[in-house]
Amino acid sequence: MKAFIRIMTFVVAAALALGANAANQTTTGKQRQSREQLAVAQARHIAHEIALDDNTAQKFVDTYCQCQKEIWELGPRRQKGEVSKPNPEQQIQQNFERSQKILDIRQKYYKKYSTFLTQAQIQRVYELEKSMRQRLMKKRSAAQKQSRRDR
């Protein structure tokens, strides 16, 4: 009877351990972050890279996330599955308008950053932001190529 209880205890413990491991994998595995979570992570990374103190880092994270939200509110560059494309002239005009809106937002937040960051820090923010954007684009491109191969 003691052997049976030991075996059952071992089986239950193993099942619990495997269940916890599986639950951990689903939360930390290949789950995509929301873009809000991604923006916070990017802002924290940038704040760490330019060695901001805690107070300034929090201001930066909040301001950076506000800036990203304003850019997201502009909507996507193009609609997925869009059936009718505007003619080339309209498309170019729409691209100019979106670019101008993004520029206006960036200038607005440049002024906000200038209240608590130095010019060198702001320049470094832009450099880091650009390198992260390029890295994400490469990942997205690689994932798209892989999904095409898998089809």
# chains A, B, ... in the order shown; residues from 1 in each chain; ligands from 1

call {"tool": "residues_around", "arguments": {"residues": "Leu74 in chain A", "least_positions_apart": "2", "cutoff": "10 Å", "atoms": "only C-alpha atoms", "output": "list in words"}}
result
Lys69, Glu70, Ile71, Trp72, Pro76, Arg77, Arg98, Lys101 and Ile102 of chain A

call {"tool": "select_by_dssp", "arguments": {"residues": "range 76-139 of chain A", "states": "alpha helix (DSSP H)", "output": "ChimeraX atom specification"}}
result
/A:88-113,119-139

call {"tool": "closest_residue", "arguments": {"among": "A:Glu36, A:Ala47, A:Cys67, A:Asp62", "to": "Lys108 in chain A", "atoms": "only C-alpha atoms"}}
result
A:Cys67

call {"tool": "residues_around", "arguments": {"residues": "range 117-128 of chain A", "least_positions_apart": "3", "cutoff": "7 Å", "atoms": "only C-alpha atoms", "output": "list of chain:residue names"}}
result
A:Ile46, A:Ile50, A:Tyr113, A:Ser114, A:Ser131, A:Met132

call {"tool": "residues_around", "arguments": {"residues": "Tyr109 in chain A", "least_positions_apart": "6", "cutoff": "9 Å", "atoms": "only C-alpha atoms", "output": "PyMOL selection string"}}
result
chain A and resi 63-64+66-67

call {"tool": "atom_distance", "arguments": {"atom1": "CA of His48 in chain A", "atom2": "CA of Gln107 in chain A"}}
result
23.1 Å

call {"tool": "atom_distance", "arguments": {"atom1": "CA of Gly75 in chain A", "atom2": "CA of Glu97 in chain A"}}
result
12.3 Å
